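Colleague: One structure, pasted below without further comment.
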Amino acid sequence: RPGGAMLTAMKLVLKWLLSAAALLAVAHLYGGVQVTTFSAAMVAALVIGLLNTFVRPILVLLTLPVTLVTLGLFLFVINALMFWAASEMLADFQVTGFGAALLGSLMYSVLGIVIDSALQGLFAKS
């Protein structure tokens, strides 16, 4: 379809910007997560996205027995680890500990679901 690549790129950039805004919202709502600026949130959202794309599937595969025994609840731990790992790599994105990473990643995931749903509705009409 004509313009398909352009729409995909627009959706990706919009998702990145909205994810950065979601990260700022998490930091505003919860003191265990700190992000200094919108540009820092953009970098953090990118790093979290890359970790979730490349590292998370490997961890999910390696921890599959534990995930099955816990009926999938261990996936929350993996999400928290990705969130915490991103904060360890970046100076302007800080998470105060594993508990903060767990709660912050849950909040960020819920906002991510809302963003994905909104973008799906927005781009489905195109």
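Going by the structure tokens order, chains are called A, B, ..., each with residues numbered from 1, while ligands are numbered from 1 in the order shown.
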Can you list, as a PyMOL selection string, all residues belonging to chain A that DSSP tags as alpha helix (DSSP H)?

Modeller: chain A and resi 4-29+38-54+56-62+64-69+74-89+98-124

Colleague: Write out as an mmCIF file with C-alpha atoms, in the first residue's frame the residues lying within 12 Å of A:Gly97, counting only C-alpha atoms and excluding same-chain residues fewer than 5 positions away.

Modeller:
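As written to disk, out07.cif reads:
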data_model
loop_
_atom_site.group_PDB
_atom_site.id
_atom_site.type_symbol
_atom_site.label_atom_id
_atom_site.label_comp_id
_atom_site.auth_asym_id
_atom_site.auth_seq_id
_atom_site.Cartn_x
_atom_site.Cartn_y
_atom_site.Cartn_z
ATOM 1 C CA GLY A 31 9.009 8.920 43.768
ATOM 2 C CA GLY A 32 10.951 5.671 43.296
ATOM 3 C CA VAL A 33 11.564 6.596 39.657
ATOM 4 C CA GLN A 34 13.344 9.787 38.620
ATOM 5 C CA ALA A 80 11.282 -5.035 36.491
ATOM 6 C CA LEU A 81 14.803 -6.238 35.673
ATOM 7 C CA PHE A 83 13.414 -1.354 33.782
ATOM 8 C CA TRP A 84 16.114 -1.476 36.455
ATOM 9 C CA ALA A 85 18.836 -2.389 33.924
ATOM 10 C CA SER A 87 18.292 2.864 34.955
ATOM 11 C CA GLU A 88 21.700 1.366 35.700
ATOM 12 C CA LEU A 102 8.720 -3.518 39.932
ATOM 13 C CA LEU A 103 6.144 -0.814 40.648
ATOM 14 C CA GLY A 104 7.594 1.573 38.032
ATOM 15 C CA SER A 105 7.621 -1.110 35.346
#

Colleague: Mind checking which residues fall within 10 Å of A:Ala44, counting only C-alpha atoms, ignoring those fewer than 4 positions away in the same chain, and posting them as number ranges by chain?

Modeller: A: 19-20, 23, 35, 38-40, 48-50, 83, 86-87, 89-94

Colleague: Considering only C-alpha atoms, return as a list in words whatever protein or nucleic-acid residues lie within 12 Å of A:Leu119, sequence-local ones (same chain, fewer than 3 positions apart) excluded.

Modeller: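 Residues near the query, excluding close chain neighbours: Leu7, Thr8, Met10, Lys11, Leu12, Val13, Leu14, Lys15, Trp16, Leu17, Leu18, Ser19, Gly112, Ile113, Val114, Ile115, Asp116, Leu122, Phe123, Ala124, Lys125 and Ser126 of chain A.
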
Colleague: Using only C-alpha atoms, pick whichever of A:Met82, A:Val110, A:Ala41, A:Ala101 has the shortest atom-to-atom distance to A:Pro57.

Modeller: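 The closest residue to A:Pro57 is A:Met82.
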
Colleague: One number please: atom CA of A:Val43 to atom CA of A:Ser109, in Å, one decimal.

Modeller: 17.0 Å

Colleague: Check the DSSP output for the backbone and give back, as a list of chain:residue names, the residues of stretch 27-120 of chain A in strand (DSSP E).

Modeller: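 The residues of stretch 27-120 of chain A classed as strand (DSSP E) are A:Val33, A:Gln34, A:Val35, A:Phe93, A:Gln94, A:Val95.
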
Colleague: Include all heavy atoms and write out the residues we just selected as a short mmCIF file (atom, residue, chain, number, x, y, z; two decimals), in the first residue's frame.

Modeller:
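The resulting file, out10.cif, is reproduced below:
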data_model
loop_
_atom_site.label_atom_id
_atom_site.label_comp_id
_atom_site.auth_asym_id
_atom_site.auth_seq_id
_atom_site.Cartn_x
_atom_site.Cartn_y
_atom_site.Cartn_z
N VAL A 33 11.02 6.47 41.02
CA VAL A 33 11.56 6.60 39.66
C VAL A 33 11.81 8.07 39.40
O VAL A 33 10.94 8.89 39.65
CB VAL A 33 10.56 6.04 38.61
CG1 VAL A 33 11.07 6.27 37.19
CG2 VAL A 33 10.29 4.56 38.85
N GLN A 34 13.01 8.40 38.95
CA GLN A 34 13.34 9.79 38.62
C GLN A 34 13.86 9.89 37.19
O GLN A 34 14.69 9.09 36.77
CB GLN A 34 14.43 10.34 39.56
CG GLN A 34 14.00 10.53 40.99
CD GLN A 34 14.44 9.39 41.88
OE1 GLN A 34 15.46 8.79 41.66
NE2 GLN A 34 13.64 9.08 42.89
N VAL A 35 13.32 10.88 36.48
CA VAL A 35 13.79 11.21 35.13
C VAL A 35 13.97 12.72 35.12
O VAL A 35 13.05 13.45 35.50
CB VAL A 35 12.78 10.78 34.04
CG1 VAL A 35 13.34 11.06 32.66
CG2 VAL A 35 12.40 9.33 34.16
N PHE A 93 18.17 8.74 34.41
CA PHE A 93 17.00 7.90 34.69
C PHE A 93 17.39 7.00 35.86
O PHE A 93 18.28 6.17 35.72
CB PHE A 93 16.64 7.08 33.45
CG PHE A 93 15.58 6.02 33.69
CD1 PHE A 93 14.37 6.33 34.28
CD2 PHE A 93 15.80 4.70 33.31
CE1 PHE A 93 13.39 5.36 34.49
CE2 PHE A 93 14.84 3.73 33.50
CZ PHE A 93 13.64 4.06 34.10
N GLN A 94 16.76 7.21 37.00
CA GLN A 94 17.14 6.47 38.19
C GLN A 94 15.94 5.76 38.81
O GLN A 94 14.83 6.30 38.84
CB GLN A 94 17.76 7.41 39.24
CG GLN A 94 19.10 7.99 38.80
CD GLN A 94 20.14 6.92 38.57
OE1 GLN A 94 20.35 6.04 39.41
NE2 GLN A 94 20.79 6.95 37.41
N VAL A 95 16.18 4.54 39.28
CA VAL A 95 15.19 3.75 39.99
C VAL A 95 15.85 3.37 41.32
O VAL A 95 16.98 2.90 41.33
CB VAL A 95 14.80 2.49 39.18
CG1 VAL A 95 13.82 1.63 39.94
CG2 VAL A 95 14.21 2.90 37.82
#

Colleague: For a test of reading the model, state the distance in Å between atom CA of A:Leu61 and atom CA of A:Ser117, rounded to one decimal.

Modeller: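 Distance reported for this atom pair: 26.7 Å.
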
Colleague: Would you mind reading off the distance between atom CA of A:Ile58 and atom CA of A:Ala21, one decimal, in Å?

Modeller: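 Separation of atom CA of A:Ile58 and atom CA of A:Ala21: 27.6 Å.
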
Colleague: I'd like to know which of A:Val55, A:Leu64, A:Ile78, A:Ala27 is closest to A:Thr96, using only C-alpha atoms.

Modeller: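 Between A:Val55, A:Leu64, A:Ile78, A:Ala27, the residue approaching A:Thr96 most closely is A:Ala27.
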